[in-house]
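Report on the structure given below.
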Amino acid sequence: MNAIIFDHVVVWIDHHEAHIIHFDVNASVVNKVLTHSKQPHLHHHRGTLGSGKAEASPSFWQEVLDGVVNSKNVLIVGPGSAKLELFKHAHQHAPQIAKNIVAVETVDHPTDPQVLAYARKYFL
């Protein structure tokens, strides 16, 4: 993972990948983290318990958190439950990072420039 350059970071995440974008008013750096899971989707049957989605490995959550370790303001966004799972993992395993998470927001599947524009509007 590249060295942290900026105080602001937005993480777009689902159960397959995370896009970590460090930024300020004038520049940005994007890093991508892929899950190590071999099972991308579980078949969900009506009347059964569970979400029907394969759980990401703890190493995936940790790799994403390692990418924001020195950031002062972290915004987590994404379309499903992965953003909340990352938030929960941060509180359980990385409280120093968790205290820097300013919000968790729902967004669909935007491009990296759209995620960056959303985060710049949020922070700046």
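Quick note on naming: the chains in the structure tokens go A, B, ... in the order shown, residues restart at 1 in each chain, and ligands are numbered from 1 in order of appearance.
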| field | Surrounding residues of Val104 in chain A excluding itself and chain neighbours under 2 positions, 8 Å, only C-alpha atoms, as a ChimeraX atom specification | value | /A:75-77,83-84,87,101-102,106
| query | Between A:Ala82, A:Val11, A:Val68, A:Ala119, which is the closest to Lys99 in chain A once you count only C-alpha atoms? | reply |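 Nearest candidate to Lys99 in chain A out of A:Ala82, A:Val11, A:Val68, A:Ala119: A:Val68.
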| task | Taking the DSSP assignment computed from this structure's backbone, write out as a PyMOL selection string all residues of chain A that belong to strand (DSSP E or B). | result | chain A and resi 8-13+17-23+28-34+73-78+101-106
Got time to write the residues from that selection, C-alpha atoms, as a PDB file, in the first residue's frame?
```
ATOM      1  CA  HIS A   8      -8.986  12.900   4.030  1.00  0.00           C
ATOM      2  CA  VAL A   9      -9.882   9.473   2.701  1.00  0.00           C
ATOM      3  CA  VAL A  10     -13.001   7.891   1.288  1.00  0.00           C
ATOM      4  CA  VAL A  11     -13.419   4.134   1.110  1.00  0.00           C
ATOM      5  CA  TRP A  12     -15.932   2.707  -1.343  1.00  0.00           C
ATOM      6  CA  ILE A  13     -16.436  -0.940  -0.393  1.00  0.00           C
ATOM      7  CA  GLU A  17     -13.270  -4.985  -3.410  1.00  0.00           C
ATOM      8  CA  ALA A  18     -12.500  -1.652  -1.823  1.00  0.00           C
ATOM      9  CA  HIS A  19     -11.378   1.579  -3.462  1.00  0.00           C
ATOM     10  CA  ILE A  20      -9.400   3.731  -1.039  1.00  0.00           C
ATOM     11  CA  ILE A  21      -9.071   7.326  -2.229  1.00  0.00           C
ATOM     12  CA  HIS A  22      -6.791   9.714  -0.314  1.00  0.00           C
ATOM     13  CA  PHE A  23      -7.388  13.312  -1.353  1.00  0.00           C
ATOM     14  CA  SER A  28      -5.950  12.314  -5.072  1.00  0.00           C
ATOM     15  CA  VAL A  29      -4.418   8.841  -4.892  1.00  0.00           C
ATOM     16  CA  VAL A  30      -6.481   5.690  -5.459  1.00  0.00           C
ATOM     17  CA  ASN A  31      -5.624   2.248  -4.122  1.00  0.00           C
ATOM     18  CA  LYS A  32      -7.680  -0.871  -4.770  1.00  0.00           C
ATOM     19  CA  VAL A  33      -7.945  -3.826  -2.374  1.00  0.00           C
ATOM     20  CA  LEU A  34      -9.476  -7.091  -3.568  1.00  0.00           C
ATOM     21  CA  ASN A  73     -10.961  11.827   8.442  1.00  0.00           C
ATOM     22  CA  VAL A  74     -12.372   8.606   7.013  1.00  0.00           C
ATOM     23  CA  LEU A  75     -15.642   8.376   5.091  1.00  0.00           C
ATOM     24  CA  ILE A  76     -16.906   4.856   4.310  1.00  0.00           C
ATOM     25  CA  VAL A  77     -19.386   4.432   1.465  1.00  0.00           C
ATOM     26  CA  GLY A  78     -20.846   1.531  -0.455  1.00  0.00           C
ATOM     27  CA  ILE A 101     -14.363   7.369  10.858  1.00  0.00           C
ATOM     28  CA  VAL A 102     -16.642  10.368  10.477  1.00  0.00           C
ATOM     29  CA  ALA A 103     -19.533   8.707   8.627  1.00  0.00           C
ATOM     30  CA  VAL A 104     -20.834   5.624   6.870  1.00  0.00           C
ATOM     31  CA  GLU A 105     -23.030   6.430   3.858  1.00  0.00           C
ATOM     32  CA  THR A 106     -24.941   4.403   1.296  1.00  0.00           C
TER      33      THR A 106
END
```
| query | Please, what distance in Å, to one decimal, runs between CA of Ala56 in chain A and CA of His16 in chain A? | reply | 7.6 Å
| Residue nearest Lys88 in chain A - candidates A:Gln62, A:Phe6, A:His36, A:Asn26, atoms counted: only C-alpha atoms | A:Gln62
| request: Quick one: everything within 7 Å of Pro79 in chain A, counting only C-alpha atoms, minus sequence neighbours fewer than 5 positions away in the same chain. Send it as a list in words. | output: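 Here the answer would be Asp14, Thr106, Val107, Asp108 and His109 of chain A.
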Put those residues in a file: C-alpha atoms, as a PDB file, in the first residue's frame.
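Printed below is out_27.pdb as written:
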```pdb
ATOM      1  CA  ASP A  14     -18.462  -4.028  -1.206  1.00  0.00           C
ATOM      2  CA  THR A 106     -24.941   4.403   1.296  1.00  0.00           C
ATOM      3  CA  VAL A 107     -23.996   4.941  -2.334  1.00  0.00           C
ATOM      4  CA  ASP A 108     -24.526   2.611  -5.275  1.00  0.00           C
ATOM      5  CA  HIS A 109     -21.731   1.715  -7.719  1.00  0.00           C
TER       6      HIS A 109
END
```
| Which is closest to Asp24 in chain A among A:Ser57, A:Ala94, A:Ser71, A:Glu63, if we use only C-alpha atoms? |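 Looking at the shortest contact to Asp24 in chain A, the residue is A:Ser71.
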| query | Please, which residues of chain A, numbered as in this document, come out alpha helix (DSSP H) from DSSP, as a VMD selection string? | reply | chain A and resid 58 to 66 82 to 93 95 to 98 112 to 123
Save out the residues we just selected, N, CA and C atoms, as a short mmCIF file (atom, residue, chain, number, x, y, z; two decimals), in the first residue's frame.
```cif
data_model
loop_
_atom_site.label_atom_id
_atom_site.label_comp_id
_atom_site.auth_asym_id
_atom_site.auth_seq_id
_atom_site.Cartn_x
_atom_site.Cartn_y
_atom_site.Cartn_z
N PRO A 58 -11.50 -11.71 7.42
CA PRO A 58 -10.95 -10.67 8.31
C PRO A 58 -9.70 -10.02 7.73
N SER A 59 -8.94 -10.76 6.94
CA SER A 59 -7.73 -10.17 6.34
C SER A 59 -8.10 -9.09 5.32
N PHE A 60 -9.24 -9.24 4.65
CA PHE A 60 -9.71 -8.20 3.72
C PHE A 60 -10.03 -6.93 4.49
N TRP A 61 -10.82 -7.06 5.57
CA TRP A 61 -11.17 -5.88 6.38
C TRP A 61 -9.89 -5.21 6.89
N GLN A 62 -8.94 -6.01 7.37
CA GLN A 62 -7.72 -5.45 7.93
C GLN A 62 -6.86 -4.77 6.88
N GLU A 63 -6.81 -5.35 5.69
CA GLU A 63 -6.03 -4.73 4.61
C GLU A 63 -6.61 -3.36 4.24
N VAL A 64 -7.94 -3.27 4.23
CA VAL A 64 -8.59 -1.98 3.96
C VAL A 64 -8.26 -0.99 5.08
N LEU A 65 -8.37 -1.41 6.32
CA LEU A 65 -8.07 -0.52 7.44
C LEU A 65 -6.60 -0.10 7.44
N ASP A 66 -5.71 -1.00 7.04
CA ASP A 66 -4.30 -0.64 6.94
C ASP A 66 -4.08 0.49 5.93
N ALA A 82 -21.32 -4.33 3.45
CA ALA A 82 -19.87 -4.39 3.66
C ALA A 82 -19.36 -3.15 4.39
N LYS A 83 -19.94 -2.00 4.09
CA LYS A 83 -19.47 -0.76 4.74
C LYS A 83 -19.71 -0.82 6.25
N LEU A 84 -20.83 -1.41 6.65
CA LEU A 84 -21.12 -1.54 8.09
C LEU A 84 -20.26 -2.62 8.74
N GLU A 85 -19.95 -3.66 7.99
CA GLU A 85 -19.07 -4.71 8.50
C GLU A 85 -17.65 -4.17 8.70
N LEU A 86 -17.20 -3.33 7.77
CA LEU A 86 -15.88 -2.69 7.93
C LEU A 86 -15.89 -1.78 9.16
N PHE A 87 -16.94 -1.01 9.32
CA PHE A 87 -17.09 -0.12 10.47
C PHE A 87 -17.03 -0.93 11.77
N LYS A 88 -17.78 -2.02 11.83
CA LYS A 88 -17.79 -2.88 13.02
C LYS A 88 -16.41 -3.49 13.27
N HIS A 89 -15.75 -3.95 12.20
CA HIS A 89 -14.42 -4.54 12.34
C HIS A 89 -13.44 -3.50 12.88
N ALA A 90 -13.56 -2.27 12.41
CA ALA A 90 -12.67 -1.21 12.90
C ALA A 90 -12.87 -0.99 14.40
N HIS A 91 -14.11 -0.95 14.85
CA HIS A 91 -14.38 -0.73 16.27
C HIS A 91 -13.89 -1.89 17.13
N GLN A 92 -13.95 -3.09 16.60
CA GLN A 92 -13.52 -4.27 17.37
C GLN A 92 -12.02 -4.50 17.34
N HIS A 93 -11.37 -4.17 16.22
CA HIS A 93 -9.97 -4.56 16.04
C HIS A 93 -9.00 -3.40 15.82
N PRO A 95 -9.43 0.34 17.14
CA PRO A 95 -10.12 1.50 17.70
C PRO A 95 -9.46 2.84 17.37
N GLN A 96 -8.15 2.86 17.13
CA GLN A 96 -7.49 4.12 16.76
C GLN A 96 -7.94 4.59 15.39
N ILE A 97 -8.23 3.65 14.49
CA ILE A 97 -8.75 4.00 13.18
C ILE A 97 -10.24 4.33 13.30
N ALA A 98 -10.96 3.55 14.08
CA ALA A 98 -12.41 3.73 14.23
C ALA A 98 -12.76 5.13 14.70
N ASP A 112 -14.75 5.87 -9.62
CA ASP A 112 -13.84 6.50 -8.66
C ASP A 112 -13.95 8.03 -8.71
N PRO A 113 -14.02 8.67 -9.90
CA PRO A 113 -14.19 10.13 -9.90
C PRO A 113 -15.50 10.58 -9.23
N GLN A 114 -16.57 9.79 -9.36
CA GLN A 114 -17.83 10.14 -8.71
C GLN A 114 -17.71 10.00 -7.19
N VAL A 115 -17.03 8.96 -6.73
CA VAL A 115 -16.80 8.77 -5.29
C VAL A 115 -15.98 9.93 -4.75
N LEU A 116 -14.94 10.31 -5.49
CA LEU A 116 -14.09 11.43 -5.07
C LEU A 116 -14.88 12.73 -5.00
N ALA A 117 -15.72 12.99 -6.00
CA ALA A 117 -16.54 14.21 -5.99
C ALA A 117 -17.49 14.21 -4.79
N TYR A 118 -18.09 13.07 -4.48
CA TYR A 118 -18.98 12.93 -3.34
C TYR A 118 -18.22 13.25 -2.05
N ALA A 119 -17.03 12.68 -1.91
CA ALA A 119 -16.24 12.87 -0.69
C ALA A 119 -15.74 14.31 -0.57
N ARG A 120 -15.32 14.89 -1.66
CA ARG A 120 -14.88 16.29 -1.61
C ARG A 120 -16.02 17.20 -1.17
N LYS A 121 -17.19 16.95 -1.70
CA LYS A 121 -18.36 17.74 -1.29
C LYS A 121 -18.66 17.52 0.20
N TYR A 122 -18.52 16.27 0.65
CA TYR A 122 -18.77 15.94 2.05
C TYR A 122 -17.80 16.66 2.99
N PHE A 123 -16.50 16.57 2.67
CA PHE A 123 -15.47 17.11 3.55
C PHE A 123 -15.14 18.58 3.30
#
```
